[in-house]
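Trainee: Just dropping this structure here.
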Amino acid sequence: MANHSSIRLFVMFSIILAVQTMSSLAQKPALSKLNAIDVCWRRNPKWKVQRQQMARCSVGFAGKMTNNIGKGTIRYVVTDPSDDPLKPKPGTLRYGVSMLPGRVWITFQKDMNIKLERTLVVGSFTTIDGRGASIHISRGGCILLYKVTDVIIHGLRIHHCRAQPAGSVMGPGAKLMQLSKMDGDAIRLLASTKVWIDHNTLYKCEDGLIDVTLGSTNITISNNWFREHDKVMLLGHDDDFKDDKNMKVTVVYNRFGPNCHQRMPRVRHGYAHVVNNLYLGWELYAIGGSMNPSIKSESNLFVAPSENKEVTRKINQENGKEWNFKSVGDILENGASFKDTGSGYVKPCYNSEQVFKVENAIFVRQLTRSAGALTLQ
C-alpha cells in the first residue's frame, strides 16, 4: 500500500507541476517570435564574422540578394564620418559607394553622425550594412539609387534630410555625375531594380522617406520604423508615367507611427503587397493610390486614430472601378475600416526565392517589435 501511495503522490505532483508550468508559459508574452527575415540571421551568434549570410534572408519581390556576395566581394569599413562630394577620401562612406569597383559590402568601425554635403549616389551590387554601430545620416543630403540593381540598405538612422540644389557629385564607378535638384527624400529610387531596404529608422525629412519611381521594380521594404512624418512612402512617379505599371513592391514587417500622416504607401499604376505591418494611426489615410493600382493588404494591424477611421483613400478616382484594393486577414482596431475596391483577387505571385509565410495579424506586434535600426552587440 505504501508503494501505491508513493506512486499516486508522484503522479499528482507531476500533474500539478505540469499545470503550473503551462500556466506560467501562457502568462508570458512570446518575446522570442521573430519574423521570416530576422529568424534567418539574428539567431546566429557569429553574425559579425558571417555578415554576408544576411543576403540570403530577404523575402518578397527583391528575392534573395545573393548577387551581392561571393568571391571577389570587397569588404570596406567606414572609419571617417566626413564627406567630400567631389573628391571622396578613403575611409568615408562616399568613397565606399563611388570609388570601388564590383561588389562592395560596407560596414562601420564605430558609431557615427554623417552629414552628407550632397546627395549620396549608390552603385549596383552595393550593401550598406550598419549593424553593430549607431549610424545617423542626417541634416544634409541623403541617398539616391539611379539606374542600379542589387542594392541592400540596412541598419541606418536617416532623418532631417534636406533639399539639395542641382550640381555635381562623384558617382559610382568614380565618375562625376550631374544631378538635378533633390527634394529631400531619405531614400529615393529612380529606374532601379532588385533593392532591399531593411531595418532602418526614418523620420522628419523635407520630402518623402522612401520614393520608388521611374520604373523601379522588384523592391522589398521590410523591418523599417517610419515615424513623425507626413508623406511617408511613394510608389510610382506620377500619374502620366505608365511604365510604373510593371512596378512590384513588397512592404512587410514595418512599423508606421507614431505621427505618420499619409502614404503608407501611396501607389500609382503598379502593384504592392502590404503585409504584416503595424499601423499606429494616421491623419489623412494609411494606404492610398491613383491610376488603377493593385494593392493587397494582408494580415496587417491597423489601429485607427480618434478621427478618420478609414484606412484607404482613392485619389483622382475617375476610373476607380478598375482598381483593386483588397484586405485579407487584416485586424482593424479602434473602429478602423477598409473599403475594398475592384473584383479581382490580388495575388503577389511570388517565385520560389520570393515567397514567405504570411503570419496571422494577431502576431504583428511581435513581428514588428524590433522594426528600425537594431542595437546589436
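Ligands are numbered from 1 in the order shown, residues from 1 within each chain, and chains are lettered A, B, ... in the order they appear in the C-alpha cells.
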Write out as a list in words the set of residues from stretch 191-314 of chain A that DSSP, computed on the backbone, places in helix (DSSP H, G or I).
Mentor: Lys242, Asp243, Asp244, Lys245 and Asn246 of chain A
Trainee: From a DSSP calculation on the backbone, collect every residue of stretch 216-309 of chain A in strand (DSSP E or B) and output the set as a ChimeraX atom specification.
Mentor: /A:217-222,225-227,229-231,233-235,248-252,255-256,260-262,266-268,271-275,278-280,287-290,294-298,301-303
Trainee: Can you list every residue of stretch 201-263 of chain A that has an atom at most 7 Å from stretch 142-161 of chain A, with its nearest atom pair and the distance in Å to one decimal, using only C-alpha atoms, ordered by chain then number, as JSON lines?
Mentor:
{"residue": "A:Thr201", "atom": "CA", "partner": "A:Arg157", "partner_atom": "CA", "distance": 4.7}
{"residue": "A:Leu202", "atom": "CA", "partner": "A:Ile158", "partner_atom": "CA", "distance": 5.0}
{"residue": "A:Tyr203", "atom": "CA", "partner": "A:His159", "partner_atom": "CA", "distance": 4.9}
{"residue": "A:Lys204", "atom": "CA", "partner": "A:His160", "partner_atom": "CA", "distance": 5.1}
{"residue": "A:Cys205", "atom": "CA", "partner": "A:His160", "partner_atom": "CA", "distance": 4.4}
{"residue": "A:Glu206", "atom": "CA", "partner": "A:Cys161", "partner_atom": "CA", "distance": 6.0}
Trainee: I need the residue nearest A:Lys48 from this list: A:Ser134, A:Gln377, A:Thr73, A:Gln262. Use only C-alpha atoms for the distance.
Mentor: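 Ranking A:Ser134, A:Gln377, A:Thr73, A:Gln262 by distance to A:Lys48, first place goes to A:Gln377.
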Trainee: Counting only C-alpha atoms, which of A:Arg131, A:Lys309, A:Arg51, A:Lys175 gets nearest to A:Ala373?
Mentor: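 When distances to A:Ala373 are compared using only C-alpha atoms, the smallest one comes from A:Arg131.
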Trainee: Give me the residues within 10 Å of A:Gly72 as an mmCIF file with N, CA and C atoms, in the first residue's frame, counting only C-alpha atoms and dropping any in the same chain fewer than 4 places off.
Mentor:
data_model
loop_
_atom_site.group_PDB
_atom_site.id
_atom_site.type_symbol
_atom_site.label_atom_id
_atom_site.label_comp_id
_atom_site.auth_asym_id
_atom_site.auth_seq_id
_atom_site.Cartn_x
_atom_site.Cartn_y
_atom_site.Cartn_z
ATOM 1 N N GLY A 102 32.997 46.745 -58.651
ATOM 2 C CA GLY A 102 32.427 45.441 -58.354
ATOM 3 C C GLY A 102 31.539 45.425 -57.126
ATOM 4 N N ARG A 103 31.428 44.233 -56.531
ATOM 5 C CA ARG A 103 30.584 44.060 -55.346
ATOM 6 C C ARG A 103 31.295 44.632 -54.118
ATOM 7 N N VAL A 104 30.553 45.426 -53.345
ATOM 8 C CA VAL A 104 31.127 46.071 -52.154
ATOM 9 C C VAL A 104 30.176 45.860 -50.981
#
Trainee: Residues at most 9 Å from A:Ser327, counting only C-alpha atoms, excluding those fewer than 4 positions away in the same chain, as a ChimeraX atom specification?
Mentor: /A:295-300,338-340
Trainee: Please provide the set of residues having any atom within 12 Å of A:Ile128, restricted to only C-alpha atoms, with same-chain residues fewer than 3 positions apart removed, written as a count of residues only.
Mentor: 40
Trainee: Please provide the set of residues having any atom within 10 Å of A:Leu86, restricted to only C-alpha atoms, with same-chain residues fewer than 5 positions apart removed, written as JSON, numbers by chain.
Mentor: {"A": [94, 117, 118, 168, 169, 170, 171, 174, 175, 176, 177]}
Trainee: Leaving out stretch 244-259 of chain A and any residue of its chain fewer than 2 positions from it, which residues lie within 7 Å of it when counting only C-alpha atoms, given as a VMD selection string?
Mentor: chain A and resid 60 to 61 214 to 229 236 241 to 242 261 269 to 282 367 to 368 371
Trainee: Generate the output file for the selected residues, N, CA and C atoms, as an mmCIF file, in the first residue's frame.
Mentor:
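The new file selection00.cif reads:
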data_model
loop_
_atom_site.group_PDB
_atom_site.id
_atom_site.type_symbol
_atom_site.label_atom_id
_atom_site.label_comp_id
_atom_site.auth_asym_id
_atom_site.auth_seq_id
_atom_site.Cartn_x
_atom_site.Cartn_y
_atom_site.Cartn_z
ATOM 1 N N GLY A 60 10.076 38.492 -50.437
ATOM 2 C CA GLY A 60 9.305 39.431 -51.232
ATOM 3 C C GLY A 60 9.914 39.654 -52.600
ATOM 4 N N PHE A 61 9.498 40.730 -53.252
ATOM 5 C CA PHE A 61 9.841 40.910 -54.666
ATOM 6 C C PHE A 61 11.330 41.119 -54.923
ATOM 7 N N LEU A 214 9.943 55.966 -61.456
ATOM 8 C CA LEU A 214 10.522 55.887 -62.795
ATOM 9 C C LEU A 214 10.849 54.455 -63.213
ATOM 10 N N GLY A 215 9.871 53.559 -63.027
ATOM 11 C CA GLY A 215 10.039 52.195 -63.496
ATOM 12 C C GLY A 215 10.801 51.283 -62.571
ATOM 13 N N SER A 216 11.096 51.720 -61.359
ATOM 14 C CA SER A 216 11.752 50.832 -60.394
ATOM 15 C C SER A 216 10.828 49.661 -60.071
ATOM 16 N N THR A 217 11.414 48.478 -59.874
ATOM 17 C CA THR A 217 10.601 47.307 -59.570
ATOM 18 C C THR A 217 11.428 46.252 -58.859
ATOM 19 N N ASN A 218 10.727 45.224 -58.356
ATOM 20 C CA ASN A 218 11.331 44.151 -57.566
ATOM 21 C C ASN A 218 12.031 44.720 -56.333
ATOM 22 N N ILE A 219 11.221 45.336 -55.493
ATOM 23 C CA ILE A 219 11.697 46.039 -54.301
ATOM 24 C C ILE A 219 11.059 45.401 -53.063
ATOM 25 N N THR A 220 11.855 45.220 -52.007
ATOM 26 C CA THR A 220 11.326 44.821 -50.704
ATOM 27 C C THR A 220 11.695 45.879 -49.672
ATOM 28 N N ILE A 221 10.680 46.361 -48.957
ATOM 29 C CA ILE A 221 10.853 47.357 -47.895
ATOM 30 C C ILE A 221 10.379 46.696 -46.615
ATOM 31 N N SER A 222 11.316 46.368 -45.719
ATOM 32 C CA SER A 222 10.987 45.489 -44.599
ATOM 33 C C SER A 222 11.623 45.961 -43.297
ATOM 34 N N ASN A 223 10.942 45.675 -42.195
ATOM 35 C CA ASN A 223 11.502 45.868 -40.845
ATOM 36 C C ASN A 223 11.923 47.307 -40.549
ATOM 37 N N ASN A 224 11.376 48.265 -41.256
ATOM 38 C CA ASN A 224 11.740 49.667 -41.015
ATOM 39 C C ASN A 224 10.767 50.306 -40.035
ATOM 40 N N TRP A 225 11.240 51.338 -39.364
ATOM 41 C CA TRP A 225 10.386 52.120 -38.465
ATOM 42 C C TRP A 225 10.247 53.515 -39.064
ATOM 43 N N PHE A 226 9.033 53.834 -39.493
ATOM 44 C CA PHE A 226 8.713 55.144 -40.053
ATOM 45 C C PHE A 226 7.937 55.915 -38.991
ATOM 46 N N ARG A 227 8.363 57.124 -38.676
ATOM 47 C CA ARG A 227 7.665 57.886 -37.641
ATOM 48 C C ARG A 227 7.799 59.380 -37.903
ATOM 49 N N GLU A 228 6.893 60.153 -37.290
ATOM 50 C CA GLU A 228 6.961 61.617 -37.299
ATOM 51 C C GLU A 228 7.195 62.181 -38.701
ATOM 52 N N HIS A 229 6.259 61.848 -39.603
ATOM 53 C CA HIS A 229 6.445 62.284 -40.981
ATOM 54 C C HIS A 229 5.096 62.405 -41.676
ATOM 55 N N GLY A 236 5.589 54.878 -57.348
ATOM 56 C CA GLY A 236 5.081 55.336 -58.636
ATOM 57 C C GLY A 236 5.366 56.810 -58.843
ATOM 58 N N PHE A 241 3.206 58.616 -65.850
ATOM 59 C CA PHE A 241 4.339 57.732 -66.129
ATOM 60 C C PHE A 241 3.854 56.281 -66.100
ATOM 61 N N LYS A 242 3.433 55.798 -67.271
ATOM 62 C CA LYS A 242 2.780 54.492 -67.342
ATOM 63 C C LYS A 242 3.737 53.313 -67.223
ATOM 64 N N HIS A 261 1.293 60.605 -41.266
ATOM 65 C CA HIS A 261 0.041 61.194 -41.736
ATOM 66 C C HIS A 261 -0.581 60.461 -42.922
ATOM 67 N N HIS A 269 -0.276 53.207 -60.439
ATOM 68 C CA HIS A 269 -0.176 52.261 -61.549
ATOM 69 C C HIS A 269 0.146 50.825 -61.129
ATOM 70 N N GLY A 270 1.156 50.619 -60.287
ATOM 71 C CA GLY A 270 1.747 49.302 -60.087
ATOM 72 C C GLY A 270 1.076 48.457 -59.028
ATOM 73 N N TYR A 271 1.865 47.510 -58.489
ATOM 74 C CA TYR A 271 1.362 46.512 -57.536
ATOM 75 C C TYR A 271 2.153 46.580 -56.235
ATOM 76 N N ALA A 272 1.445 46.514 -55.115
ATOM 77 C CA ALA A 272 2.100 46.458 -53.802
ATOM 78 C C ALA A 272 1.454 45.375 -52.956
ATOM 79 N N HIS A 273 2.291 44.543 -52.356
ATOM 80 C CA HIS A 273 1.848 43.573 -51.356
ATOM 81 C C HIS A 273 2.236 44.153 -50.005
ATOM 82 N N VAL A 274 1.228 44.553 -49.246
ATOM 83 C CA VAL A 274 1.433 45.232 -47.964
ATOM 84 C C VAL A 274 1.017 44.244 -46.877
ATOM 85 N N VAL A 275 1.992 43.726 -46.119
ATOM 86 C CA VAL A 275 1.713 42.532 -45.336
ATOM 87 C C VAL A 275 2.422 42.546 -43.975
ATOM 88 N N ASN A 276 1.687 42.177 -42.929
ATOM 89 C CA ASN A 276 2.236 42.033 -41.574
ATOM 90 C C ASN A 276 2.902 43.301 -41.065
ATOM 91 N N ASN A 277 2.306 44.456 -41.368
ATOM 92 C CA ASN A 277 2.793 45.736 -40.866
ATOM 93 C C ASN A 277 1.920 46.226 -39.714
ATOM 94 N N LEU A 278 2.502 47.081 -38.874
ATOM 95 C CA LEU A 278 1.781 47.694 -37.757
ATOM 96 C C LEU A 278 1.549 49.169 -38.060
ATOM 97 N N TYR A 279 0.290 49.590 -38.009
ATOM 98 C CA TYR A 279 -0.084 50.976 -38.267
ATOM 99 C C TYR A 279 -0.620 51.592 -36.981
ATOM 100 N N LEU A 280 0.138 52.533 -36.434
ATOM 101 C CA LEU A 280 -0.254 53.195 -35.185
ATOM 102 C C LEU A 280 -0.891 54.542 -35.508
ATOM 103 N N GLY A 281 -2.024 54.495 -36.186
ATOM 104 C CA GLY A 281 -2.763 55.701 -36.534
ATOM 105 C C GLY A 281 -2.315 56.312 -37.848
ATOM 106 N N TRP A 282 -3.046 57.330 -38.273
ATOM 107 C CA TRP A 282 -2.754 58.109 -39.479
ATOM 108 C C TRP A 282 -3.588 59.373 -39.393
ATOM 109 N N LEU A 367 6.012 40.605 -34.470
ATOM 110 C CA LEU A 367 6.816 40.580 -35.692
ATOM 111 C C LEU A 367 7.497 41.912 -35.957
ATOM 112 N N THR A 368 6.892 43.000 -35.497
ATOM 113 C CA THR A 368 7.435 44.345 -35.754
ATOM 114 C C THR A 368 8.074 44.959 -34.509
ATOM 115 N N ALA A 371 11.371 46.519 -35.287
ATOM 116 C CA ALA A 371 11.473 47.298 -36.514
ATOM 117 C C ALA A 371 12.355 48.523 -36.293
#
Trainee: Quick one: of A:Val311, A:Met182, A:Met65, A:Ile187, who's nearest to A:Thr126, counting only C-alpha atoms?
Mentor: A:Met65
